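Printed here is start-v2.pdb (PDB, C-alpha atoms):
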ATOM      1  CA  MET A   1    -102.646   5.448-155.320
ATOM      2  CA  LEU A   2    -100.482   3.452-152.895
ATOM      3  CA  PHE A   3    -103.407   1.243-151.906
ATOM      4  CA  GLY A   4    -103.965   0.374-155.552
ATOM      5  CA  LEU A   5    -100.245  -0.311-155.947
ATOM      6  CA  PHE A   6    -100.246  -2.867-153.116
ATOM      7  CA  MET A   7    -103.316  -4.560-154.548
ATOM      8  CA  LEU A   8    -101.603  -4.913-157.924
ATOM      9  CA  TRP A   9     -98.343  -5.959-156.287
ATOM     10  CA  TRP A  10     -99.915  -8.870-154.424
ATOM     11  CA  GLY A  11    -101.966  -9.725-157.469
ATOM     12  CA  TRP A  12     -98.758  -9.934-159.534
ATOM     13  CA  ILE A  13     -97.326 -12.455-157.102
ATOM     14  CA  GLY A  14    -100.503 -14.475-157.483
ATOM     15  CA  PHE A  15    -100.645 -14.693-161.248
ATOM     16  CA  ASN A  16     -96.871 -14.986-161.758
ATOM     17  CA  CYS A  17     -96.773 -17.948-159.398
ATOM     18  CA  GLY A  18    -100.124 -19.257-160.550
ATOM     19  CA  SER A  19     -99.000 -19.335-164.183
ATOM     20  CA  THR A  20     -97.444 -22.735-163.435
ATOM     21  CA  PHE A  21    -101.030 -24.105-163.209
ATOM     22  CA  GLY A  22    -100.062 -26.476-160.421
ATOM     23  CA  ILE A  23     -97.427 -27.548-157.907
ATOM     24  CA  THR A  24     -96.758 -31.101-159.049
ATOM     25  CA  ASP A  25     -93.436 -32.312-160.415
ATOM     26  CA  ASN A  26     -91.143 -29.287-160.800
ATOM     27  CA  LYS A  27     -93.946 -26.738-160.971
ATOM     28  CA  TRP A  28     -93.622 -25.830-157.304
ATOM     29  CA  ILE A  29     -89.961 -24.936-157.905
ATOM     30  CA  VAL A  30     -90.932 -22.672-160.787
ATOM     31  CA  ALA A  31     -93.704 -21.087-158.690
ATOM     32  CA  ALA A  32     -91.320 -20.402-155.790
ATOM     33  CA  ARG A  33     -88.704 -18.947-158.123
ATOM     34  CA  ALA A  34     -91.341 -16.789-159.796
ATOM     35  CA  GLY A  35     -92.528 -15.441-156.442
ATOM     36  CA  VAL A  36     -89.051 -14.515-155.228
ATOM     37  CA  SER A  37     -88.155 -12.999-158.606
ATOM     38  CA  THR A  38     -91.332 -10.918-158.583
ATOM     39  CA  LEU A  39     -90.595  -9.499-155.123
ATOM     40  CA  ASN A  40     -86.958  -8.776-155.974
ATOM     41  CA  THR A  41     -87.922  -7.088-159.230
ATOM     42  CA  ALA A  42     -90.487  -4.819-157.545
ATOM     43  CA  SER A  43     -88.166  -3.991-154.644
ATOM     44  CA  ALA A  44     -85.317  -2.976-156.919
ATOM     45  CA  GLY A  45     -87.693  -0.972-159.097
ATOM     46  CA  GLY A  46     -89.093   0.904-156.096
ATOM     47  CA  ILE A  47     -85.672   1.811-154.705
ATOM     48  CA  VAL A  48     -84.416   3.043-158.060
ATOM     49  CA  ALA A  49     -87.669   4.957-158.625
ATOM     50  CA  MET A  50     -87.210   6.828-155.322
ATOM     51  CA  ILE A  51     -83.660   7.763-156.273
ATOM     52  CA  TYR A  52     -84.843   8.848-159.725
ATOM     53  CA  SER A  53     -87.687  10.956-158.333
ATOM     54  CA  ARG A  54     -85.391  12.609-155.808
ATOM     55  CA  TYR A  55     -82.919  13.436-158.535
ATOM     56  CA  ARG A  56     -85.603  14.711-160.926
ATOM     57  CA  SER A  57     -86.980  17.105-158.291
ATOM     58  CA  GLY A  58     -83.550  18.494-157.523
ATOM     59  CA  GLY A  59     -83.437  16.779-154.135
ATOM     60  CA  GLN A  60     -86.649  18.466-152.931
ATOM     61  CA  PHE A  61     -89.097  15.565-152.683
ATOM     62  CA  ILE A  62     -89.940  12.019-153.764
ATOM     63  CA  HIS A  63     -93.004  11.935-155.989
ATOM     64  CA  PRO A  64     -95.361   9.044-155.117
ATOM     65  CA  GLY A  65     -96.371   8.736-158.766
ATOM     66  CA  ASP A  66     -92.783   8.089-159.826
ATOM     67  CA  VAL A  67     -92.385   5.389-157.179
ATOM     68  CA  VAL A  68     -95.690   3.716-158.020
ATOM     69  CA  ASN A  69     -94.989   3.685-161.745
ATOM     70  CA  GLY A  70     -91.427   2.515-161.153
ATOM     71  CA  ILE A  71     -92.639  -0.467-159.106
ATOM     72  CA  LEU A  72     -95.386  -1.284-161.594
ATOM     73  CA  GLY A  73     -92.986  -1.036-164.518
ATOM     74  CA  ALA A  74     -90.636  -3.401-162.719
ATOM     75  CA  LEU A  75     -93.523  -5.799-162.072
ATOM     76  CA  VAL A  76     -94.348  -5.780-165.772
ATOM     77  CA  THR A  77     -90.769  -6.782-166.547
ATOM     78  CA  SER A  78     -91.117  -9.658-164.082
ATOM     79  CA  SER A  79     -93.962 -11.242-166.033
ATOM     80  CA  PRO A  80     -91.831 -12.649-168.891
ATOM     81  CA  THR A  81     -88.685 -13.163-166.814
ATOM     82  CA  CYS A  82     -89.747 -14.483-163.389
ATOM     83  CA  ALA A  83     -89.722 -18.181-164.325
ATOM     84  CA  THR A  84     -86.622 -18.204-166.543
ATOM     85  CA  VAL A  85     -83.959 -16.227-164.639
ATOM     86  CA  HIS A  86     -82.056 -16.648-161.400
ATOM     87  CA  THR A  87     -83.575 -14.933-158.363
ATOM     88  CA  TYR A  88     -80.786 -12.340-158.156
ATOM     89  CA  ASP A  89     -81.080 -11.257-161.799
ATOM     90  CA  PRO A  90     -84.378  -9.410-161.153
ATOM     91  CA  LEU A  91     -82.495  -6.878-159.028
ATOM     92  CA  ILE A  92     -80.866  -5.595-162.221
ATOM     93  CA  ILE A  93     -83.887  -6.236-164.435
ATOM     94  CA  GLY A  94     -86.269  -4.382-162.111
ATOM     95  CA  ALA A  95     -83.936  -1.399-161.697
ATOM     96  CA  ILE A  96     -83.599  -0.930-165.466
ATOM     97  CA  GLY A  97     -87.327  -1.473-166.005
ATOM     98  CA  SER A  98     -88.152   1.192-163.424
ATOM     99  CA  LEU A  99     -85.847   3.734-165.051
ATOM    100  CA  PHE A 100     -87.147   2.914-168.523
ATOM    101  CA  THR A 101     -90.748   3.290-167.375
ATOM    102  CA  ASN A 102     -90.283   6.704-165.774
ATOM    103  CA  TRP A 103     -88.143   7.907-168.667
ATOM    104  CA  ILE A 104     -90.911   7.093-171.165
ATOM    105  CA  ASN A 105     -93.530   8.821-169.013
ATOM    106  CA  ASP A 106     -91.471  11.950-168.368
ATOM    107  CA  ARG A 107     -89.604  12.398-171.621
ATOM    108  CA  VAL A 108     -91.415  10.623-174.413
ATOM    109  CA  MET A 109     -95.028  11.180-173.354
ATOM    110  CA  LYS A 110     -94.937  14.573-171.623
ATOM    111  CA  LYS A 111     -92.163  16.476-173.393
ATOM    112  CA  TRP A 112     -91.773  14.919-176.841
ATOM    113  CA  LEU A 113     -95.235  13.650-177.813
ATOM    114  CA  ARG A 114     -97.146  15.871-175.318
ATOM    115  CA  LEU A 115     -99.839  13.232-174.830
ATOM    116  CA  ASP A 116    -101.980  13.055-171.733
ATOM    117  CA  ASP A 117    -101.382   9.888-169.701
ATOM    118  CA  PRO A 118    -102.429  10.747-166.129
ATOM    119  CA  VAL A 119    -101.618   7.348-164.601
ATOM    120  CA  GLY A 120     -98.464   6.643-166.641
ATOM    121  CA  ALA A 121     -99.915   3.444-168.112
ATOM    122  CA  ILE A 122     -98.015   3.775-171.379
ATOM    123  CA  GLY A 123     -94.642   3.970-169.687
ATOM    124  CA  VAL A 124     -95.502   1.091-167.362
ATOM    125  CA  HIS A 125     -96.733  -1.330-170.004
ATOM    126  CA  LEU A 126     -94.756  -0.203-173.029
ATOM    127  CA  GLY A 127     -91.458   0.391-171.239
ATOM    128  CA  GLY A 128     -91.772  -2.535-168.853
ATOM    129  CA  GLY A 129     -93.016  -4.882-171.554
ATOM    130  CA  LEU A 130     -90.265  -4.027-174.043
ATOM    131  CA  TRP A 131     -87.489  -4.359-171.494
ATOM    132  CA  GLY A 132     -88.954  -7.554-170.002
ATOM    133  CA  CYS A 133     -88.999  -9.307-173.376
ATOM    134  CA  ILE A 134     -85.443  -8.179-174.123
ATOM    135  CA  ALA A 135     -84.289  -9.246-170.639
ATOM    136  CA  VAL A 136     -85.410 -12.823-171.347
ATOM    137  CA  GLY A 137     -83.020 -12.912-174.305
ATOM    138  CA  LEU A 138     -80.228 -11.687-172.046
ATOM    139  CA  PHE A 139     -80.663 -13.383-168.636
ATOM    140  CA  ALA A 140     -82.669 -16.584-169.242
ATOM    141  CA  ASP A 141     -81.033 -19.852-168.217
ATOM    142  CA  LYS A 142     -82.255 -23.087-169.809
ATOM    143  CA  ASN A 143     -80.617 -25.137-167.046
ATOM    144  CA  LEU A 144     -83.057 -23.919-164.405
ATOM    145  CA  PRO A 145     -85.722 -26.531-163.543
ATOM    146  CA  GLY A 146     -89.026 -26.114-165.300
ATOM    147  CA  THR A 147     -88.114 -23.300-167.724
ATOM    148  CA  GLY A 148     -88.847 -25.341-170.857
ATOM    149  CA  LEU A 149     -86.219 -23.412-172.833
ATOM    150  CA  ASP A 150     -83.969 -25.052-175.425
ATOM    151  CA  VAL A 151     -81.425 -22.222-175.442
ATOM    152  CA  SER A 152     -80.131 -19.766-172.847
ATOM    153  CA  GLY A 153     -79.859 -16.015-173.072
ATOM    154  CA  LEU A 154     -76.887 -13.982-174.211
ATOM    155  CA  PHE A 155     -75.440 -13.504-170.724
ATOM    156  CA  ARG A 156     -75.791 -17.237-169.985
ATOM    157  CA  GLY A 157     -73.744 -18.431-172.962
ATOM    158  CA  GLY A 158     -76.598 -18.988-175.364
ATOM    159  CA  GLY A 159     -75.538 -16.394-177.928
ATOM    160  CA  PHE A 160     -77.976 -14.183-179.794
ATOM    161  CA  GLU A 161     -80.482 -16.849-180.749
ATOM    162  CA  LEU A 162     -82.938 -16.346-177.898
ATOM    163  CA  LEU A 163     -82.471 -12.590-178.056
ATOM    164  CA  GLY A 164     -83.249 -12.694-181.780
ATOM    165  CA  ARG A 165     -86.442 -14.645-181.125
ATOM    166  CA  GLN A 166     -87.527 -12.086-178.553
ATOM    167  CA  LEU A 167     -86.819  -9.191-180.907
ATOM    168  CA  ILE A 168     -88.857 -10.840-183.658
ATOM    169  CA  GLY A 169     -91.739 -11.197-181.228
ATOM    170  CA  LEU A 170     -91.455  -7.531-180.252
ATOM    171  CA  ALA A 171     -91.458  -6.512-183.922
ATOM    172  CA  ALA A 172     -94.611  -8.543-184.551
ATOM    173  CA  ILE A 173     -96.406  -7.017-181.548
ATOM    174  CA  THR A 174     -95.312  -3.494-182.533
ATOM    175  CA  ALA A 175     -96.479  -3.995-186.138
ATOM    176  CA  TRP A 176     -99.851  -5.289-185.002
ATOM    177  CA  SER A 177    -100.296  -2.341-182.635
ATOM    178  CA  LEU A 178     -99.355   0.193-185.318
ATOM    179  CA  VAL A 179    -101.799  -1.342-187.775
ATOM    180  CA  THR A 180    -104.784  -1.584-185.445
ATOM    181  CA  MET A 181    -104.471   1.244-182.911
ATOM    182  CA  PRO A 182    -104.131   4.423-185.087
ATOM    183  CA  PRO A 183    -107.430   3.772-186.917
ATOM    184  CA  PHE A 184    -109.152   3.094-183.601
ATOM    185  CA  PHE A 185    -107.947   6.321-182.008
ATOM    186  CA  TYR A 186    -108.628   8.256-185.219
ATOM    187  CA  ILE A 187    -112.256   7.151-185.126
ATOM    188  CA  VAL A 188    -112.502   8.096-181.444
ATOM    189  CA  GLY A 189    -111.019  11.516-182.226
ATOM    190  CA  VAL A 190    -113.459  12.139-185.063
ATOM    191  CA  LEU A 191    -116.373  11.208-182.796
ATOM    192  CA  PHE A 192    -115.231  13.822-180.282
ATOM    193  CA  SER A 193    -114.149  16.560-182.679
ATOM    194  CA  LYS A 194    -116.793  16.100-185.415
ATOM    195  CA  ASP A 195    -113.997  16.998-187.830
ATOM    196  CA  TRP A 196    -112.313  14.234-189.817
ATOM    197  CA  ARG A 197    -109.436  16.531-190.781
ATOM    198  CA  HIS A 198    -108.579  17.442-187.190
ATOM    199  CA  PRO A 199    -109.381  14.373-185.095
ATOM    200  CA  ARG A 200    -107.581  15.702-182.021
ATOM    201  CA  LYS A 201    -109.499  18.966-182.012
ATOM    202  CA  GLY A 202    -112.025  17.544-179.574
ATOM    203  CA  LEU A 203    -109.222  16.291-177.346
ATOM    204  CA  ARG A 204    -107.430  19.627-177.076
ATOM    205  CA  HIS A 205    -107.643  19.533-173.275
ATOM    206  CA  GLU A 206    -105.013  16.801-173.154
ATOM    207  CA  TYR A 207    -102.436  19.523-173.828
ATOM    208  CA  ILE A 208    -102.952  20.823-170.288
ATOM    209  CA  GLN A 209    -103.971  17.413-168.910
ATOM    210  CA  MET A 210    -107.562  16.276-168.655
ATOM    211  CA  ASP A 211    -107.381  15.759-164.897
ATOM    212  CA  ARG A 212    -106.713  19.452-164.357
ATOM    213  CA  ASN A 213    -109.170  20.705-166.972
ATOM    214  CA  ILE A 214    -112.114  18.370-166.345
ATOM    215  CA  HIS A 215    -111.720  17.261-162.725
ATOM    216  CA  GLY A 216    -109.856  20.283-161.341
ATOM    217  CA  CYS A 217    -107.003  18.246-159.895
ATOM    218  CA  CYS A 218    -103.469  17.287-160.838
ATOM    219  CA  GLU A 219    -101.246  14.441-159.706
ATOM    220  CA  ASP A 220     -97.940  16.297-159.775
ATOM    221  CA  PRO A 221     -97.063  18.621-156.835
ATOM    222  CA  THR A 222     -95.058  20.787-159.208
ATOM    223  CA  ASP A 223     -98.234  21.159-161.280
ATOM    224  CA  LYS A 224    -100.042  22.389-158.163
ATOM    225  CA  ILE A 225     -97.349  24.993-157.670
ATOM    226  CA  THR A 226     -97.705  25.957-161.324
ATOM    227  CA  VAL A 227    -101.473  26.303-160.922
ATOM    228  CA  GLU A 228    -101.043  28.600-157.912
ATOM    229  CA  ILE A 229     -98.502  30.682-159.802
ATOM    230  CA  GLU A 230    -100.895  30.966-162.744
ATOM    231  CA  LYS A 231    -103.671  32.110-160.399
ATOM    232  CA  ALA A 232    -101.393  34.735-158.843
ATOM    233  CA  LEU A 233    -100.329  35.950-162.273
ATOM    234  CA  ARG A 234    -103.958  36.274-163.358
ATOM    235  CA  VAL A 235    -104.706  38.339-160.234
ATOM    236  CA  LEU A 236    -101.706  40.568-160.893
ATOM    237  CA  GLU A 237    -102.758  40.951-164.514
ATOM    238  CA  ARG A 238    -106.256  42.060-163.497
ATOM    239  CA  GLN A 239    -104.857  44.508-160.958
ATOM    240  CA  SER A 240    -102.399  45.864-163.504
ATOM    241  CA  HIS A 241    -105.208  46.298-166.027
ATOM    242  CA  ARG A 242    -107.339  48.071-163.433
ATOM    243  CA  LEU A 243    -104.490  50.393-162.460
ATOM    244  CA  SER A 244    -103.803  51.103-166.109
ATOM    245  CA  GLN A 245    -107.425  52.068-166.672
ATOM    246  CA  GLN A 246    -107.403  54.310-163.606
ATOM    247  CA  SER A 247    -104.197  55.973-164.787
ATOM    248  CA  MET A 248    -105.664  56.594-168.220
ATOM    249  CA  MET A 249    -108.813  58.094-166.698
ATOM    250  CA  ALA A 250    -106.769  60.351-164.421
ATOM    251  CA  LEU A 251    -104.582  61.443-167.315
ATOM    252  CA  SER A 252    -107.608  62.141-169.482
ATOM    253  CA  GLN A 253    -109.243  64.186-166.723
ATOM    254  CA  HIS A 254    -106.028  66.119-166.142
ATOM    255  CA  THR A 255    -105.771  66.833-169.872
ATOM    256  CA  ARG A 256    -109.349  68.127-170.016
ATOM    257  CA  THR A 257    -108.725  70.318-166.958
ATOM    258  CA  SER A 258    -105.578  71.773-168.478
ATOM    259  CA  GLN A 259    -107.313  72.491-171.782
ATOM    260  CA  SER A 260    -110.214  74.251-170.029
ATOM    261  CA  GLY A 261    -107.732  76.339-168.012
ATOM    262  CA  ILE A 262    -105.915  77.409-171.152
ATOM    263  CA  LEU A 263    -109.177  78.363-172.844
ATOM    264  CA  THR A 264    -110.292  80.313-169.773
ATOM    265  CA  GLY A 265    -106.988  82.149-169.675
ATOM    266  CA  ILE A 266    -107.227  83.014-173.342
ATOM    267  CA  ARG A 267    -110.805  84.223-172.932
ATOM    268  CA  ASP A 268    -109.859  86.309-169.902
ATOM    269  CA  GLY A 269    -106.898  87.702-171.774
ATOM    270  CA  HIS A 270    -109.073  88.718-174.682
ATOM    271  CA  GLN A 271    -111.553  90.395-172.313
ATOM    272  CA  SER A 272    -108.850  92.305-170.468
ATOM    273  CA  TYR A 273    -107.269  93.308-173.753
ATOM    274  CA  GLY A 274    -110.660  94.551-174.998
ATOM    275  CA  ASN A 275    -111.253  96.426-171.804
ATOM    276  CA  ASN A 276    -107.869  98.042-172.115
ATOM    277  CA  LEU A 277    -108.656  98.965-175.697
ATOM    278  CA  SER A 278    -112.023 100.507-174.748
ATOM    279  CA  MET A 279    -110.515 102.395-171.830
ATOM    280  CA  SER A 280    -107.706 103.732-173.951
ATOM    281  CA  GLY A 281    -110.203 104.656-176.683
ATOM    282  CA  ARG A 282    -112.409 106.544-174.270
ATOM    283  CA  SER A 283    -109.458 108.349-172.799
ATOM    284  CA  SER A 284    -108.276 109.308-176.286
ATOM    285  CA  ILE A 285    -111.709 110.707-177.164
ATOM    286  CA  LEU A 286    -111.831 112.695-173.943
ATOM    287  CA  ASP A 287    -108.383 114.060-174.625
ATOM    288  CA  ALA A 288    -109.407 114.999-178.142
ATOM    289  CA  ASN A 289    -112.523 116.781-176.891
ATOM    290  CA  GLU A 290    -110.516 118.679-174.384
ATOM    291  CA  ASP A 291    -108.102 119.681-177.096
ATOM    292  CA  THR A 292    -110.884 120.965-179.389
ATOM    293  CA  GLU A 293    -112.703 122.808-176.623
ATOM    294  CA  THR A 294    -109.660 124.691-175.391
ATOM    295  CA  PRO A 295    -109.230 127.063-178.425
ATOM    296  CA  ASP A 296    -112.925 127.987-178.459
ATOM    297  CA  SER A 297    -112.910 128.990-174.882
ATOM    298  CA  THR A 298    -109.805 131.030-175.503
ATOM    299  CA  SER A 299    -111.350 132.841-178.425
ATOM    300  CA  ASP A 300    -114.534 133.396-176.509
ATOM    301  CA  SER A 301    -112.669 134.808-173.600
ATOM    302  CA  SER A 302    -110.544 136.926-175.857
ATOM    303  CA  GLY A 303    -113.621 138.134-177.617
ATOM    304  CA  GLU A 304    -115.191 139.071-174.399
ATOM    305  CA  LEU A 305    -112.081 140.985-173.512
ATOM    306  CA  THR A 306    -112.187 142.719-176.862
ATOM    307  CA  LEU A 307    -115.701 143.697-176.382
TER     308      LEU A 307
END
Rendering of file as structure tokens:
Amino acid sequence: MLFGLFMLWWGWIGFNCGSTFGITDNKWIVAARAGVSTLNTASAGGIVAMIYSRYRSGGQFIHPGDVVNGILGALVTSSPTCATVHTYDPLIIGAIGSLFTNWINDRVMKKWLRLDDPVGAIGVHLGGGLWGCIAVGLFADKNLPGTGLDVSGLFRGGGFELLGRQLIGLAAITAWSLVTMPPFFYIVGVLFSKDWRHPRKGLRHEYIQMDRNIHGCCEDPTDKITVEIEKALRVLERQSHRLSQQSMMALSQHTRTSQSGILTGIRDGHQSYGNNLSMSGRSSILDANEDTETPDSTSDSSGELTL
């Protein structure tokens, strides 16, 4: 990530300075001013991005992605401004461009629109490009050598004319993008989803970021923490489910054991009650026999005495 940033950074110096297409006449002055403005813009953007990232993480860490995107967003703002502003103006321009870039990536893309942009390209180019064009209408100075401007920006005494021109250009670019890009992405969505009514159905993985879902990685350290927490929660859920099943099995077995004990007790009670009944019946019969035999023996004995 950082290696790619430095490659782009040096490349920006090259094409910002090289946009003069020469060093003759006053072109070398414009090229030198463009180079210094580019470096100042990127430096200010990087410093502000580190402060922003530190603040966003609650003072815990500085996210490399925030710093990289902040510097790149600042470099984008330098493209329209580097040849038309004083070399100290980019310190303000780059700082605002960095904040605007990270704000679009964090708020607009992730939280409001919930669109997957792993490298933050939309914030860098949209945020940096919008602010860079507006900054020309605010900071440009027609008195600088080689600018080719006929009017200065608002902060240089030129009024709103240059700013109005820049806003018209932004409106034209925005209108063109809105007309051409939605149909393009709609067609791409239909090709993935095979459903013209739900073109984003095939791109559902962007909700949880394609890097994590397809490649198994994520660029945000807080996302890594979230992934580990999700894994731990899944383990706890499986263990809880297993314990719940074991508890249900134990309860079911205990219920069956209790029911069999009750039935055994009832059966034993019935048997003992029957035995008691049979014993009492036999004893009653024996008592009755003894009662009936006693008079006969008396009469017999009395008869024998009579005889």
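Of the residues under consideration (A:His86, A:Lys110, A:Arg165, A:Arg238), A:His86 shows the shortest atom-to-atom contact distance to A:Ala32 when counting all atoms listed in the file.
Applied to this file, the PyMOL selection byres ((chain A and resi 56) around 12) selects Ala49, Met50, Ile51, Tyr52, Ser53, Arg54, Tyr55, Ser57, Gly58, Gly59, Gln60, Phe61, Ile62, His63, Asp66, Leu99, Asn102, Trp103, Asp106, Arg107 and Thr222 of chain A.
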Would you be able to write out as a ChimeraX atom specification which residues have an atom within 12 Å of (-80.9, 0.5, -165.9) in the file's coordinates, counting all atoms listed in the file? /A:44-45,48-49,52,70,74,90-103,127-128,131,135
Could you please take those selected residues and save C-alpha atoms as a CSV table (one decimal), in the frame of the given file?
chain,number,residue,atom,x,y,z
A,44,ALA,CA,-85.3,-3.0,-156.9
A,45,GLY,CA,-87.7,-1.0,-159.1
A,48,VAL,CA,-84.4,3.0,-158.1
A,49,ALA,CA,-87.7,5.0,-158.6
A,52,TYR,CA,-84.8,8.8,-159.7
A,70,GLY,CA,-91.4,2.5,-161.2
A,74,ALA,CA,-90.6,-3.4,-162.7
A,90,PRO,CA,-84.4,-9.4,-161.2
A,91,LEU,CA,-82.5,-6.9,-159.0
A,92,ILE,CA,-80.9,-5.6,-162.2
A,93,ILE,CA,-83.9,-6.2,-164.4
A,94,GLY,CA,-86.3,-4.4,-162.1
A,95,ALA,CA,-83.9,-1.4,-161.7
A,96,ILE,CA,-83.6,-0.9,-165.5
A,97,GLY,CA,-87.3,-1.5,-166.0
A,98,SER,CA,-88.2,1.2,-163.4
A,99,LEU,CA,-85.8,3.7,-165.1
A,100,PHE,CA,-87.1,2.9,-168.5
A,101,THR,CA,-90.7,3.3,-167.4
A,102,ASN,CA,-90.3,6.7,-165.8
A,103,TRP,CA,-88.1,7.9,-168.7
A,127,GLY,CA,-91.5,0.4,-171.2
A,128,GLY,CA,-91.8,-2.5,-168.9
A,131,TRP,CA,-87.5,-4.4,-171.5
A,135,ALA,CA,-84.3,-9.2,-170.6
Dig up all the protein and nucleic acid residues within 9 Å of (-94.5, -21.6, -158.2) in the file frame, using only C-alpha atoms, and format them as a ChimeraX atom specification. /A:16-23,26-35,83
List the residues selected by the PyMOL selection byres ((chain A and resi 148) around 12) in the file shown, writing them as a CSV table (one decimal) with C-alpha atoms, in the frame of the given file.
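Just written: expr31.csv:
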chain,number,residue,atom,x,y,z
A,20,THR,CA,-97.4,-22.7,-163.4
A,26,ASN,CA,-91.1,-29.3,-160.8
A,27,LYS,CA,-93.9,-26.7,-161.0
A,30,VAL,CA,-90.9,-22.7,-160.8
A,83,ALA,CA,-89.7,-18.2,-164.3
A,84,THR,CA,-86.6,-18.2,-166.5
A,140,ALA,CA,-82.7,-16.6,-169.2
A,141,ASP,CA,-81.0,-19.9,-168.2
A,142,LYS,CA,-82.3,-23.1,-169.8
A,143,ASN,CA,-80.6,-25.1,-167.0
A,144,LEU,CA,-83.1,-23.9,-164.4
A,145,PRO,CA,-85.7,-26.5,-163.5
A,146,GLY,CA,-89.0,-26.1,-165.3
A,147,THR,CA,-88.1,-23.3,-167.7
A,149,LEU,CA,-86.2,-23.4,-172.8
A,150,ASP,CA,-84.0,-25.1,-175.4
A,151,VAL,CA,-81.4,-22.2,-175.4
A,152,SER,CA,-80.1,-19.8,-172.8
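In this model, the gap between atom CA of A:Met1 and atom CA of A:Ala121 comes to 13.2 Å.
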As a check of understanding, name the residues that the PyMOL selection byres ((chain A and resi 166-180) around 10) selects in the supplied structure, as a PyMOL selection string. chain A and resi 129-130+132-138+160-165+181-185
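Take atom CA of A:Gln253 and atom CA of A:Val235: the distance between them is 27.0 Å.
A straight line drawn from atom CA of A:Asp195 to atom CA of A:Met109 is 24.6 Å long.
With all atoms listed in the file as the atoms that count, the residue of A:Val36, A:Leu2, A:Val108, A:Leu251 with the shortest distance to A:Gly14 is A:Val36.
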